[in-house]
$ cat start-v5.cif   # mmCIF, C-alpha atoms and all ligand atoms
data_final
loop_
_atom_site.label_atom_id
_atom_site.label_comp_id
_atom_site.auth_asym_id
_atom_site.auth_seq_id
_atom_site.Cartn_x
_atom_site.Cartn_y
_atom_site.Cartn_z
CA MET A 22 -94.32 -14.83 -5.27
CA ASN A 23 -96.63 -15.61 -2.34
CA VAL A 24 -95.03 -14.82 0.99
CA LEU A 25 -96.36 -15.76 4.42
CA VAL A 26 -95.37 -13.77 7.49
CA VAL A 27 -96.26 -15.30 10.86
CA GLY A 28 -96.73 -12.86 13.76
CA GLY A 29 -98.72 -9.73 14.49
CA GLY A 30 -96.29 -7.39 16.24
CA ALA A 31 -94.29 -4.35 15.13
CA ARG A 32 -91.33 -6.55 14.16
CA GLU A 33 -93.65 -8.51 11.84
CA HIS A 34 -95.13 -5.26 10.49
CA ALA A 35 -91.55 -4.22 9.62
CA ILE A 36 -90.93 -7.63 7.98
CA CYS A 37 -94.17 -7.28 5.98
CA ASP A 38 -93.10 -3.79 4.93
CA ALA A 39 -89.74 -5.15 3.70
CA VAL A 40 -91.56 -7.92 1.80
CA ILE A 41 -93.90 -5.45 0.11
CA ARG A 42 -90.96 -3.20 -0.85
CA SER A 43 -89.57 -6.25 -2.67
CA ALA A 44 -92.34 -5.48 -5.17
CA GLN A 45 -93.01 -8.86 -6.74
CA ALA A 46 -94.64 -10.30 -3.62
CA SER A 47 -98.20 -10.98 -2.49
CA LEU A 48 -98.30 -10.96 1.28
CA PHE A 49 -100.23 -13.42 3.46
CA SER A 50 -100.32 -13.14 7.22
CA VAL A 51 -101.10 -15.25 10.27
CA MET A 52 -101.46 -13.20 13.43
CA ASN A 53 -103.00 -13.54 16.89
CA ASN A 54 -104.25 -9.97 17.04
CA LEU A 55 -105.52 -7.85 14.15
CA ASN A 56 -102.52 -5.65 13.40
CA PRO A 57 -103.89 -2.76 11.29
CA GLY A 58 -100.53 -2.13 9.60
CA ILE A 59 -100.25 -5.73 8.43
CA GLU A 60 -103.94 -5.81 7.52
CA GLN A 61 -103.34 -2.90 5.16
CA LEU A 62 -100.41 -4.59 3.38
CA ALA A 63 -101.70 -8.15 3.18
CA THR A 64 -103.52 -9.75 0.27
CA ASP A 65 -105.09 -12.04 2.83
CA TYR A 66 -104.72 -12.87 6.53
CA ILE A 67 -106.11 -15.11 9.23
CA GLN A 68 -106.29 -14.46 12.94
CA GLN A 69 -104.89 -17.58 14.48
CA LYS A 70 -102.62 -18.59 17.33
CA GLU A 71 -99.10 -18.37 15.92
CA THR A 72 -98.18 -21.71 17.53
CA HIS A 73 -100.98 -23.66 15.81
CA SER A 74 -98.81 -25.33 13.21
CA ASP A 75 -101.52 -27.48 11.59
CA GLU A 76 -103.76 -24.52 10.79
CA ILE A 77 -100.80 -22.46 9.52
CA VAL A 78 -99.62 -25.30 7.28
CA SER A 79 -103.16 -25.72 5.82
CA TYR A 80 -103.43 -21.97 5.23
CA SER A 81 -100.02 -21.98 3.51
CA ILE A 82 -100.90 -24.89 1.24
CA LYS A 83 -104.25 -23.31 0.35
CA ASN A 84 -102.53 -20.05 -0.60
CA GLN A 85 -99.61 -21.67 -2.45
CA ILE A 86 -97.03 -19.97 -0.27
CA ASP A 87 -93.56 -19.85 -1.85
CA ILE A 88 -91.64 -18.51 1.16
CA ALA A 89 -92.65 -18.42 4.83
CA LEU A 90 -91.09 -16.08 7.38
CA ILE A 91 -91.59 -16.46 11.12
CA GLY A 92 -91.30 -13.40 13.37
CA PRO A 93 -91.70 -14.51 17.01
CA GLU A 94 -89.91 -17.22 18.98
CA ALA A 95 -92.95 -19.20 20.21
CA PRO A 96 -93.76 -20.76 16.78
CA LEU A 97 -90.06 -21.60 16.35
CA GLU A 98 -90.13 -23.43 19.67
CA VAL A 99 -93.07 -25.64 18.62
CA GLY A 100 -91.38 -26.51 15.32
CA LEU A 101 -93.46 -24.50 12.85
CA ALA A 102 -90.50 -24.23 10.46
CA ASP A 103 -90.15 -28.05 10.50
CA GLU A 104 -93.86 -28.56 9.74
CA LEU A 105 -93.93 -25.99 6.92
CA THR A 106 -90.78 -27.46 5.36
CA LYS A 107 -92.14 -31.02 5.62
CA ASN A 108 -95.13 -29.82 3.64
CA GLY A 109 -93.02 -28.37 0.87
CA ILE A 110 -93.06 -24.73 1.97
CA GLN A 111 -89.64 -23.09 1.92
CA THR A 112 -89.19 -21.48 5.31
CA CYS A 113 -86.62 -18.83 6.01
CA ALA A 114 -86.42 -19.49 9.75
CA PRO A 115 -84.64 -22.06 11.93
CA LYS A 116 -86.10 -25.47 12.64
CA GLN A 117 -86.89 -26.54 16.21
CA GLN A 118 -83.47 -28.07 16.94
CA ALA A 119 -81.55 -25.02 15.72
CA ALA A 120 -83.95 -22.64 17.49
CA ARG A 121 -82.79 -24.15 20.82
CA ILE A 122 -80.07 -21.52 20.59
CA GLU A 123 -82.85 -19.28 21.97
CA THR A 124 -85.42 -21.64 23.47
CA ASP A 125 -82.99 -23.53 25.73
CA LYS A 126 -80.44 -21.30 27.44
CA GLU A 127 -78.68 -24.25 29.06
CA TRP A 128 -78.17 -25.85 25.64
CA MET A 129 -76.91 -22.55 24.22
CA ARG A 130 -74.27 -22.22 26.97
CA ARG A 131 -73.22 -25.86 26.46
CA LEU A 132 -72.83 -25.28 22.71
CA LEU A 133 -70.54 -22.32 23.37
CA THR A 134 -68.42 -24.38 25.78
CA ASN A 135 -68.25 -27.51 23.62
CA HIS A 136 -67.17 -25.52 20.58
CA HIS A 137 -64.78 -23.22 22.47
CA ILE A 138 -66.62 -20.12 21.27
CA PRO A 139 -65.23 -16.90 22.79
CA GLY A 140 -67.46 -14.61 24.85
CA GLN A 141 -68.73 -17.27 27.26
CA LEU A 142 -69.78 -16.25 30.80
CA HIS A 143 -69.14 -18.29 33.93
CA HIS A 144 -72.43 -20.10 34.59
CA LYS A 145 -74.17 -23.17 36.01
CA THR A 146 -77.69 -24.62 35.98
CA PHE A 147 -79.53 -25.91 39.04
CA THR A 148 -82.64 -27.90 39.83
CA ASP A 149 -81.87 -27.72 43.55
CA ALA A 150 -82.12 -24.25 45.04
CA SER A 151 -79.77 -25.02 47.97
CA GLU A 152 -76.96 -25.94 45.55
CA ALA A 153 -77.53 -22.66 43.72
CA ARG A 154 -76.95 -20.75 46.99
CA THR A 155 -73.29 -21.87 47.22
CA PHE A 156 -72.64 -20.86 43.60
CA ILE A 157 -74.29 -17.46 44.13
CA LYS A 158 -72.35 -16.86 47.36
CA ASP A 159 -69.08 -17.76 45.63
CA LEU A 160 -69.82 -15.01 43.10
CA ASN A 161 -70.65 -12.54 45.94
CA ALA A 162 -74.22 -12.52 44.59
CA ASN A 163 -73.06 -10.67 41.48
CA VAL A 164 -75.17 -12.84 39.23
CA ALA A 165 -77.88 -12.89 36.59
CA ILE A 166 -80.70 -15.35 37.21
CA LYS A 167 -82.32 -16.76 34.10
CA PRO A 168 -85.14 -19.21 33.45
CA ILE A 169 -84.06 -21.86 30.91
CA GLY A 170 -86.86 -21.32 28.38
CA LEU A 171 -88.84 -18.48 26.85
CA THR A 172 -90.25 -15.69 29.01
CA GLY A 173 -90.85 -12.92 26.46
CA GLY A 174 -87.71 -11.12 27.59
CA LYS A 175 -89.11 -10.58 31.05
CA GLY A 176 -87.63 -13.49 33.03
CA VAL A 177 -84.07 -12.32 33.63
CA ARG A 178 -83.16 -10.71 36.97
CA VAL A 179 -79.79 -9.10 37.54
CA SER A 180 -78.07 -8.26 40.79
CA GLY A 181 -78.03 -4.54 41.56
CA ASP A 182 -80.86 -3.95 39.07
CA HIS A 183 -83.55 -6.29 40.40
CA PHE A 184 -82.22 -7.69 43.67
CA ASN A 185 -79.35 -7.32 46.13
CA GLY A 186 -77.47 -10.02 48.00
CA THR A 187 -77.73 -13.80 48.19
CA ASP A 188 -81.04 -13.96 50.09
CA GLU A 189 -82.91 -11.82 47.57
CA ALA A 190 -81.31 -13.77 44.74
CA MET A 191 -82.45 -17.03 46.33
CA PHE A 192 -86.01 -15.78 46.53
CA TYR A 193 -86.15 -15.56 42.72
CA VAL A 194 -84.16 -18.79 42.24
CA ARG A 195 -86.79 -20.66 44.28
CA GLU A 196 -89.60 -18.96 42.37
CA VAL A 197 -88.14 -19.97 38.97
CA ILE A 198 -87.69 -23.58 40.09
CA THR A 199 -90.99 -24.06 41.90
CA LYS A 200 -93.17 -22.18 39.40
CA LYS A 201 -91.24 -23.62 36.44
CA ILE A 202 -90.82 -20.14 34.99
CA GLY A 203 -89.57 -20.58 31.43
CA GLY A 204 -91.04 -24.09 31.27
CA ALA A 205 -88.59 -26.07 33.44
CA ALA A 206 -87.94 -26.63 37.17
CA LYS A 207 -84.42 -25.41 36.56
CA VAL A 208 -82.53 -22.16 36.71
CA LEU A 209 -79.44 -20.81 34.97
CA ILE A 210 -77.15 -18.64 37.06
CA GLU A 211 -74.53 -16.57 35.27
CA GLU A 212 -71.84 -14.22 36.50
CA LYS A 213 -73.09 -10.65 36.14
CA ALA A 214 -71.38 -8.99 33.20
CA ILE A 215 -70.77 -5.26 33.60
CA GLY A 216 -70.73 -3.07 30.52
CA GLU A 217 -72.94 -1.86 27.69
CA GLU A 218 -75.20 -4.21 25.79
CA PHE A 219 -75.50 -4.22 22.02
CA THR A 220 -77.37 -6.25 19.46
CA LEU A 221 -75.97 -7.73 16.28
CA GLN A 222 -78.44 -9.17 13.82
CA ALA A 223 -77.41 -11.08 10.72
CA PHE A 224 -78.80 -13.13 7.87
CA THR A 225 -77.42 -16.62 7.47
CA ASP A 226 -77.72 -19.50 5.03
CA GLY A 227 -76.23 -21.98 7.49
CA THR A 228 -72.66 -21.32 6.40
CA HIS A 229 -72.21 -17.65 5.55
CA ILE A 230 -73.47 -14.72 7.58
CA THR A 231 -74.14 -11.17 6.45
CA PRO A 232 -74.00 -8.97 9.54
CA LEU A 233 -76.23 -5.93 9.92
CA PRO A 234 -75.56 -2.62 11.73
CA ALA A 235 -75.29 -2.78 15.52
CA VAL A 236 -78.27 -1.61 17.57
CA GLN A 237 -78.72 -0.78 21.25
CA ASP A 238 -82.03 -1.80 22.82
CA HIS A 239 -83.40 -0.48 26.14
CA LYS A 240 -84.86 -3.32 28.17
CA ARG A 241 -85.88 -1.47 31.31
CA LEU A 242 -89.34 0.07 31.47
CA LEU A 243 -88.48 3.47 32.92
CA PRO A 244 -86.20 6.38 31.98
CA ASP A 245 -82.55 6.09 32.97
CA ASP A 246 -82.80 2.29 32.86
CA LYS A 247 -84.98 1.85 35.92
CA GLY A 248 -87.95 -0.43 36.57
CA PRO A 249 -88.75 -3.97 35.47
CA ASN A 250 -87.39 -5.65 32.35
CA THR A 251 -89.57 -5.51 29.26
CA GLY A 252 -89.39 -6.91 25.74
CA GLY A 253 -87.56 -3.67 24.87
CA MET A 254 -88.79 -0.06 25.04
CA GLY A 255 -86.86 1.30 22.07
CA SER A 256 -83.52 1.25 20.31
CA TYR A 257 -81.11 3.21 18.16
CA SER A 258 -78.51 2.59 15.48
CA CYS A 259 -75.89 4.83 13.89
CA ALA A 260 -75.11 5.70 10.28
CA ASP A 261 -71.67 4.02 10.44
CA GLY A 262 -73.15 0.70 11.58
CA LEU A 263 -71.37 0.92 14.94
CA LEU A 264 -72.50 2.48 18.23
CA PRO A 265 -71.07 5.53 19.99
CA PHE A 266 -69.24 3.31 22.50
CA LEU A 267 -68.41 0.40 20.17
CA THR A 268 -65.31 0.17 17.95
CA LYS A 269 -65.15 -1.65 14.61
CA GLN A 270 -62.87 -4.23 16.21
CA GLU A 271 -65.42 -4.96 18.95
CA TYR A 272 -68.23 -5.12 16.39
CA ASP A 273 -66.12 -7.64 14.43
CA GLN A 274 -65.64 -9.73 17.59
CA GLY A 275 -69.43 -10.00 17.83
CA VAL A 276 -69.69 -10.95 14.16
CA SER A 277 -67.01 -13.60 14.57
CA ILE A 278 -68.87 -15.07 17.57
CA LEU A 279 -72.10 -15.26 15.52
CA GLN A 280 -70.18 -16.93 12.69
CA ASN A 281 -68.75 -19.45 15.17
CA ILE A 282 -72.23 -20.21 16.50
CA ILE A 283 -73.56 -20.85 12.98
CA SER A 284 -70.62 -23.18 12.26
CA ALA A 285 -71.15 -24.99 15.58
CA LEU A 286 -74.86 -25.49 14.82
CA GLY A 287 -73.90 -26.99 11.47
CA LYS A 288 -71.49 -29.39 13.18
CA GLU A 289 -74.21 -30.36 15.69
CA ASN A 290 -76.37 -31.40 12.73
CA CYS A 291 -78.89 -28.61 13.17
CA PRO A 292 -78.04 -26.14 10.39
CA TYR A 293 -79.47 -22.69 10.92
CA ILE A 294 -81.16 -20.71 8.15
CA GLY A 295 -82.79 -17.30 8.62
CA PRO A 296 -82.16 -14.18 10.65
CA ILE A 297 -80.12 -14.57 13.85
CA TYR A 298 -79.67 -12.19 16.73
CA GLY A 299 -76.76 -11.92 19.16
CA GLN A 300 -77.23 -9.99 22.38
CA PHE A 301 -73.74 -8.99 23.45
CA ILE A 302 -72.24 -6.93 26.22
CA LEU A 303 -69.04 -4.96 25.89
CA THR A 304 -67.14 -5.42 29.15
CA LYS A 305 -63.65 -4.51 30.33
CA ASP A 306 -62.67 -8.05 29.32
CA GLY A 307 -64.06 -7.71 25.81
CA VAL A 308 -67.29 -8.82 24.12
CA LYS A 309 -69.41 -11.38 26.00
CA ILE A 310 -72.57 -13.23 25.02
CA ILE A 311 -75.72 -12.43 26.98
CA GLU A 312 -78.10 -14.43 24.80
CA VAL A 313 -78.73 -15.57 21.26
CA ASN A 314 -82.13 -15.33 19.60
CA ALA A 315 -83.37 -17.33 16.64
CA ARG A 316 -85.07 -14.42 14.87
CA PHE A 317 -84.96 -10.67 14.33
CA GLY A 318 -85.03 -8.56 17.48
CA ASP A 319 -88.02 -6.54 18.53
CA PRO A 320 -87.50 -3.52 18.46
CA GLU A 321 -84.15 -3.95 16.67
CA ALA A 322 -85.78 -5.16 13.43
CA MET A 323 -87.48 -1.75 13.13
CA ASN A 324 -84.10 0.00 13.16
CA ILE A 325 -82.55 -2.15 10.45
CA LEU A 326 -85.21 -3.43 8.04
CA PRO A 327 -86.18 0.11 6.92
CA LEU A 328 -82.51 0.63 5.93
CA LEU A 329 -82.40 -2.37 3.57
CA GLN A 330 -81.69 -1.31 0.02
CA THR A 331 -81.20 -4.87 -1.19
CA ASN A 332 -84.42 -6.62 -2.18
CA PHE A 333 -85.41 -8.45 1.03
CA LEU A 334 -86.89 -11.44 -0.80
CA ASP A 335 -83.68 -11.83 -2.80
CA LEU A 336 -81.87 -12.13 0.53
CA CYS A 337 -84.40 -14.71 1.74
CA THR A 338 -83.96 -16.67 -1.49
CA ALA A 339 -80.17 -16.52 -1.10
CA MET A 340 -80.50 -17.87 2.48
CA LEU A 341 -82.66 -20.74 1.27
CA GLN A 342 -80.42 -21.52 -1.71
CA LYS A 343 -77.29 -21.16 0.46
CA THR A 344 -75.81 -18.50 -1.79
CA LEU A 345 -75.73 -15.64 0.69
CA SER A 346 -72.93 -13.16 0.21
CA THR A 347 -72.09 -9.94 2.07
CA LYS A 348 -71.48 -8.18 -1.22
CA ASP A 349 -75.20 -8.52 -2.04
CA LEU A 350 -76.22 -6.59 1.06
CA HIS A 351 -76.76 -2.84 0.70
CA ILE A 352 -77.76 -0.80 3.71
CA GLU A 353 -78.68 2.87 3.77
CA ARG A 354 -76.10 4.70 5.88
CA LYS A 355 -78.53 6.47 8.23
CA ALA A 356 -79.05 6.67 11.96
CA THR A 357 -82.34 5.45 13.42
CA VAL A 358 -84.22 5.90 16.69
CA CYS A 359 -87.17 3.69 17.56
CA LYS A 360 -89.44 4.40 20.55
CA TYR A 361 -92.31 2.22 21.65
CA ILE A 362 -95.61 3.48 22.96
CA VAL A 363 -96.85 1.00 25.55
CA PRO A 364 -99.98 0.80 27.68
CA GLU A 365 -99.63 2.19 31.18
CA GLY A 366 -98.75 -0.65 33.55
CA TYR A 367 -96.82 -2.55 30.84
CA GLY A 368 -94.25 -4.85 32.43
CA VAL A 369 -96.48 -5.23 35.51
CA LYS A 370 -100.19 -5.16 34.56
CA SER A 371 -101.06 -3.42 31.29
CA MET A 372 -104.15 -1.27 30.85
CA THR A 373 -105.68 -3.06 27.88
CA GLY A 374 -108.54 -1.99 25.61
CA GLU A 375 -107.64 1.72 25.76
CA PRO A 376 -108.20 3.63 22.49
CA ILE A 377 -105.19 5.18 20.73
CA TYR A 378 -105.68 8.07 18.31
CA ILE A 379 -103.19 8.35 15.47
CA ASN A 380 -102.90 11.17 12.95
CA GLU A 381 -101.08 8.98 10.41
CA GLN A 382 -100.94 11.64 7.72
CA ALA A 383 -99.25 14.20 9.95
CA LEU A 384 -96.99 11.54 11.42
CA ARG A 385 -95.81 10.46 7.98
CA LYS A 386 -95.03 14.09 7.04
CA THR A 387 -92.37 14.15 9.75
CA GLY A 388 -90.50 11.47 7.80
CA ALA A 389 -90.97 8.92 10.57
CA THR A 390 -92.35 5.41 10.13
CA LEU A 391 -95.08 3.88 12.25
CA PHE A 392 -95.22 0.19 13.00
CA TYR A 393 -98.27 -1.27 14.72
CA ALA A 394 -97.60 -3.80 17.46
CA SER A 395 -99.81 -5.54 20.00
CA VAL A 396 -102.95 -3.56 19.26
CA ASP A 397 -106.34 -4.70 18.14
CA LYS A 398 -108.73 -3.03 15.75
CA LYS A 399 -112.36 -3.03 16.88
CA ASP A 400 -115.14 -0.88 15.34
CA ASN A 401 -112.46 1.25 13.70
CA TYR A 402 -110.79 1.96 17.03
CA ILE A 403 -107.19 1.02 17.68
CA LEU A 404 -107.05 -0.48 21.17
CA THR A 405 -104.10 -1.28 23.42
CA GLY A 406 -103.34 -4.95 24.04
CA SER A 407 -101.33 -6.28 26.94
CA SER A 408 -97.94 -5.79 25.27
CA ARG A 409 -96.24 -2.92 23.40
CA SER A 410 -98.65 -0.92 21.22
CA LEU A 411 -96.89 1.14 18.54
CA ALA A 412 -93.31 1.71 17.43
CA VAL A 413 -92.24 5.00 15.89
CA VAL A 414 -88.95 5.14 13.97
CA GLY A 415 -87.06 8.29 13.03
CA LYS A 416 -84.33 7.97 10.39
CA SER A 417 -81.80 10.60 9.43
CA ASN A 418 -78.12 11.35 8.85
CA THR A 419 -77.39 11.81 12.54
CA LEU A 420 -78.68 10.23 15.72
CA ASP A 421 -79.76 13.64 16.97
CA GLU A 422 -81.91 14.32 13.93
CA ALA A 423 -83.37 10.80 13.97
CA GLU A 424 -84.31 11.27 17.64
CA GLN A 425 -85.98 14.60 16.95
CA ILE A 426 -87.97 13.17 14.02
CA CYS A 427 -89.11 10.31 16.23
CA GLU A 428 -90.19 12.72 19.02
CA LYS A 429 -92.06 14.99 16.57
CA ALA A 430 -93.90 11.97 15.15
CA LEU A 431 -94.85 10.80 18.66
CA THR A 432 -96.83 14.03 19.17
CA TYR A 433 -99.33 12.78 16.57
CA ILE A 434 -100.27 9.81 18.72
CA THR A 435 -102.58 10.50 21.64
CA GLY A 436 -104.66 8.61 24.15
CA ASN A 437 -105.00 8.11 27.86
CA HIS A 438 -102.87 5.68 29.79
CA LEU A 439 -100.00 5.47 27.30
CA PHE A 440 -96.31 5.57 28.13
CA THR A 441 -93.06 6.11 26.19
CA ARG A 442 -89.40 6.22 27.24
CA HIS A 443 -88.53 9.61 25.81
CA ASP A 444 -84.89 9.35 26.90
CA ILE A 445 -84.01 6.70 24.29
CA GLY A 446 -81.56 8.03 21.69
CA THR A 447 -81.09 11.36 23.50
CA LYS A 448 -77.68 12.97 23.81
CA LYS A 449 -77.83 12.71 27.60
CA LEU A 450 -78.35 8.95 27.67
CA ILE A 451 -75.83 8.28 24.88
CA GLU A 452 -73.20 10.36 26.75
CA LYS A 453 -73.86 8.24 29.83
CA ARG A 454 -73.20 5.05 27.80
CA ILE A 455 -69.96 6.48 26.37
CA LYS A 456 -68.79 7.53 29.84
CA HIS A 457 -69.58 4.11 31.27
CA ILE A 458 -67.42 2.37 28.64
CA LYS A 459 -64.63 4.96 29.04
CA GLU A 460 -64.51 4.15 32.76
CA LEU A 461 -64.40 0.42 32.06
CA ARG A 462 -61.61 0.84 29.51
CA LYS A 463 -59.56 2.64 32.18
CA GLN A 464 -59.66 -0.57 34.25
CA LEU A 465 -57.85 -2.49 31.48
N1 LIG A 501 -85.00 -6.84 21.92
C1 LIG A 501 -85.04 -8.06 22.58
C2 LIG A 501 -85.51 -9.21 21.82
O1 LIG A 501 -85.92 -9.10 20.68
O2 LIG A 501 -85.52 -10.29 22.36
#
$ encode --input "start-v5.cif" --output "structure tokens"
Amino acid sequence: MNVLVVGGGAREHAICDAVIRSAQASLFSVMNNLNPGIEQLATDYIQQKETHSDEIVSYSIKNQIDIALIGPEAPLEVGLADELTKNGIQTCAPKQQAARIETDKEWMRRLLTNHHIPGQLHHKTFTDASEARTFIKDLNANVAIKPIGLTGGKGVRVSGDHFNGTDEAMFYVREVITKKIGGAAKVLIEEKAIGEEFTLQAFTDGTHITPLPAVQDHKRLLPDDKGPNTGGMGSYSCADGLLPFLTKQEYDQGVSILQNIISALGKENCPYIGPIYGQFILTKDGVKIIEVNARFGDPEAMNILPLLQTNFLDLCTAMLQKTLSTKDLHIERKATVCKYIVPEGYGVKSMTGEPIYINEQALRKTGATLFYASVDKKDNYILTGSSRSLAVVGKSNTLDEAEQICEKALTYITGNHLFTRHDIGTKKLIEKRIKHIKELRKQL
């Protein structure tokens, strides 16, 4: 079976790894950058912009691709899945209309309202900044300000984290509208939800969903959740599939919301096939929806794909043939901790082109897995790009052990001007999350 994976980040390296573990596959890749991990696994690859549908379709036809998988959101937004499908290539990813669940936040919120899906947040969109001011003031400036379209996870600003008070909020509102951040002269304002965020990923065939273990990502650049938002600095998951602050009942609420969204998309005549990602927040009023993504999460894919015991391509085939069943999904019951190494300045202005030295042999001996991300390979040097560079994943029976394996593995990666959030998955930070939720539960 010839399998195409589009994308050159760590998430796509993890997808490629899952494809290769399915044994019967030959892997083909389209990536912007030359990801050395994917290069090593692929039968063939091209370096190409991941949004250039025509070139990707031609490459797929030439290589008789049986199944195409799309990692990042940008190709979904331009309709790559539609173009591949039109040309007879089975694509395990949502088409453009269904991908609006991620690419158009206003549409996503409307879908939730129209289909009475629980977990909605109070919200409104504005093209006129002065109208937004009244709405923000009415919420005592306790709001999240979001561009409508894609911003690589970096466009959201939240009161108390990134700004304080109506005037500071308005500064960003005007910026989003005038600079068309996220592609539109429009802004989405939501009530600020207070709680702990968690990610639920699932496979879906458009009707059934098979949910995967919960993961907690860390969006802020700096330790203790300080600094600007990033695409995600690292993440952890637990052996029982829950999180230390999340009960089975709350996890099930998230699953039920995802199931409702899939059903609603079907009713709206845009059936969704492929992986789906719900970003939730556990608040004192229950589980709320922060955003929905039309793909695996990055870094969350690196927590979960290495745990798959079911043949990944069998799951993809079941999604395409609409025969997906939870009983076919087998997941290793282990905890994972993923930490990203990023270039210094990431989130503001990355130091690109810096060499990274990796002792892969020693790293592997720790039991950890290395996924290459936004790096380039030039003259046998691995160089930092502008985004996250490498993801290291520790896996073990307990979170503690997984964290220690991850930290040990990180010592085998060196270079100047690199940065990692070492607090991710540590006891101290996890205790803080548990305490936070305990305090919120007291307010019930
Ligand atoms: N971890 C955030 C995302 O994948 O969008």
$ closest_residue --input "start-v5.cif" --among "A:Lys145, A:His229, A:Lys83, A:Arg32" --to "ligand LIG 501 (chain A)" --atoms "all atoms listed in the file"
A:Arg32
$ residues_around --input "start-v5.cif" --residues "Ser371 of chain A" --least-positions-apart "3" --cutoff "8 Å" --atoms "only C-alpha atoms" --output "list in words"
Pro364, Glu365, Gly366, Tyr367, Gly368, Gly406, Ser407 and Ser408 of chain A
$ write_last_selection --input "start-v5.cif" --atoms "C-alpha atoms" --output "compact mmCIF listing (two decimals), in the frame of the given file"
# COMPACT_ATOMS: atom_id res chain seq x y z
CA PRO A 364 -99.98 0.80 27.68
CA GLU A 365 -99.63 2.19 31.18
CA GLY A 366 -98.75 -0.65 33.55
CA TYR A 367 -96.82 -2.55 30.84
CA GLY A 368 -94.25 -4.85 32.43
CA GLY A 406 -103.34 -4.95 24.04
CA SER A 407 -101.33 -6.28 26.94
CA SER A 408 -97.94 -5.79 25.27
$ closest_residue --input "start-v5.cif" --among "A:Ile86, A:Ile110, A:Ile278, A:Ala31" --to "ligand LIG 501 (chain A)" --atoms "all atoms listed in the file"
A:Ala31
$ atom_distance --input "start-v5.cif" --atom1 "atom CA of Leu279 of chain A" --atom2 "atom CA of Pro232 of chain A"
8.9 Å
$ closest_atom_pairs --input "start-v5.cif" --of "chain A" --to "ligand LIG 501 (chain A)" --cutoff "9 Å" --atoms "all atoms listed in the file" --output "CSV"
residue,atom,partner,partner_atom,distance
A:Arg32,CA,A:LIG501,O1,8.8
A:Pro93,CA,A:LIG501,O1,8.7
A:Glu94,CA,A:LIG501,O2,8.9
A:Gly173,CA,A:LIG501,O2,7.2
A:Gly174,CA,A:LIG501,O2,5.7
A:Thr220,CA,A:LIG501,N1,8.0
A:Gln237,CA,A:LIG501,N1,8.8
A:Asp238,CA,A:LIG501,N1,5.9
A:His239,CA,A:LIG501,N1,7.8
A:Lys240,CA,A:LIG501,N1,7.2
A:Thr251,CA,A:LIG501,C1,8.5
A:Gly252,CA,A:LIG501,C1,5.5
A:Gly253,CA,A:LIG501,N1,5.0
A:Met254,CA,A:LIG501,N1,8.4
A:Gly255,CA,A:LIG501,N1,8.4
A:Ser256,CA,A:LIG501,N1,8.4
A:Tyr298,CA,A:LIG501,O1,8.0
A:Gln300,CA,A:LIG501,C1,8.0
A:Glu312,CA,A:LIG501,O2,8.8
A:Val313,CA,A:LIG501,O2,8.7
A:Asn314,CA,A:LIG501,O2,6.7
A:Arg316,CA,A:LIG501,O1,7.9
A:Phe317,CA,A:LIG501,O1,6.6
A:Gly318,CA,A:LIG501,O1,3.4
A:Asp319,CA,A:LIG501,O1,3.9
A:Pro320,CA,A:LIG501,N1,5.4
A:Glu321,CA,A:LIG501,N1,6.1
A:Ala322,CA,A:LIG501,O1,8.3
$ residues_around --input "start-v5.cif" --residues "Ala383 of chain A" --least-positions-apart "3" --cutoff "12 Å" --atoms "all atoms listed in the file" --output "list in words"
Ile379, Asn380, Lys386, Thr387, Gly388, Ala389, Thr390, Leu391, Lys429, Ala430, Leu431, Thr432, Tyr433 and Ile434 of chain A
$ closest_residue --input "start-v5.cif" --among "A:Ile67, A:Arg178, A:Asp444, A:Leu334" --to "Ile36 of chain A" --atoms "all atoms listed in the file"
A:Leu334
$ residues_around --input "start-v5.cif" --residues "Thr106 of chain A" --least-positions-apart "4" --cutoff "12 Å" --atoms "all atoms listed in the file" --output "MDAnalysis selection string"
chainID A and resid 74 77:78 81:82 86:90 100:102 110:117 341
$ write_last_selection --input "start-v5.cif" --atoms "C-alpha atoms" --output "compact mmCIF listing (two decimals), in the coordinates of the input"
# COMPACT_ATOMS: atom_id res chain seq x y z
CA SER A 74 -98.81 -25.33 13.21
CA ILE A 77 -100.80 -22.46 9.52
CA VAL A 78 -99.62 -25.30 7.28
CA SER A 81 -100.02 -21.98 3.51
CA ILE A 82 -100.90 -24.89 1.24
CA ILE A 86 -97.03 -19.97 -0.27
CA ASP A 87 -93.56 -19.85 -1.85
CA ILE A 88 -91.64 -18.51 1.16
CA ALA A 89 -92.65 -18.42 4.83
CA LEU A 90 -91.09 -16.08 7.38
CA GLY A 100 -91.38 -26.51 15.32
CA LEU A 101 -93.46 -24.50 12.85
CA ALA A 102 -90.50 -24.23 10.46
CA ILE A 110 -93.06 -24.73 1.97
CA GLN A 111 -89.64 -23.09 1.92
CA THR A 112 -89.19 -21.48 5.31
CA CYS A 113 -86.62 -18.83 6.01
CA ALA A 114 -86.42 -19.49 9.75
CA PRO A 115 -84.64 -22.06 11.93
CA LYS A 116 -86.10 -25.47 12.64
CA GLN A 117 -86.89 -26.54 16.21
CA LEU A 341 -82.66 -20.74 1.27
$ residues_around --input "start-v5.cif" --residues "Gly28 of chain A" --least-positions-apart "5" --cutoff "6 Å" --atoms "all atoms listed in the file" --output "list of chain:residue names"
A:Glu33, A:Met52, A:Gly92
$ atom_distance --input "start-v5.cif" --atom1 "atom CA of Gly30 of chain A" --atom2 "atom CA of Gln382 of chain A"
21.4 Å
$ closest_residue --input "start-v5.cif" --among "A:Met22, A:Ala423, A:Ile403, A:Glu460" --to "Thr435 of chain A" --atoms "all atoms listed in the file"
A:Ile403
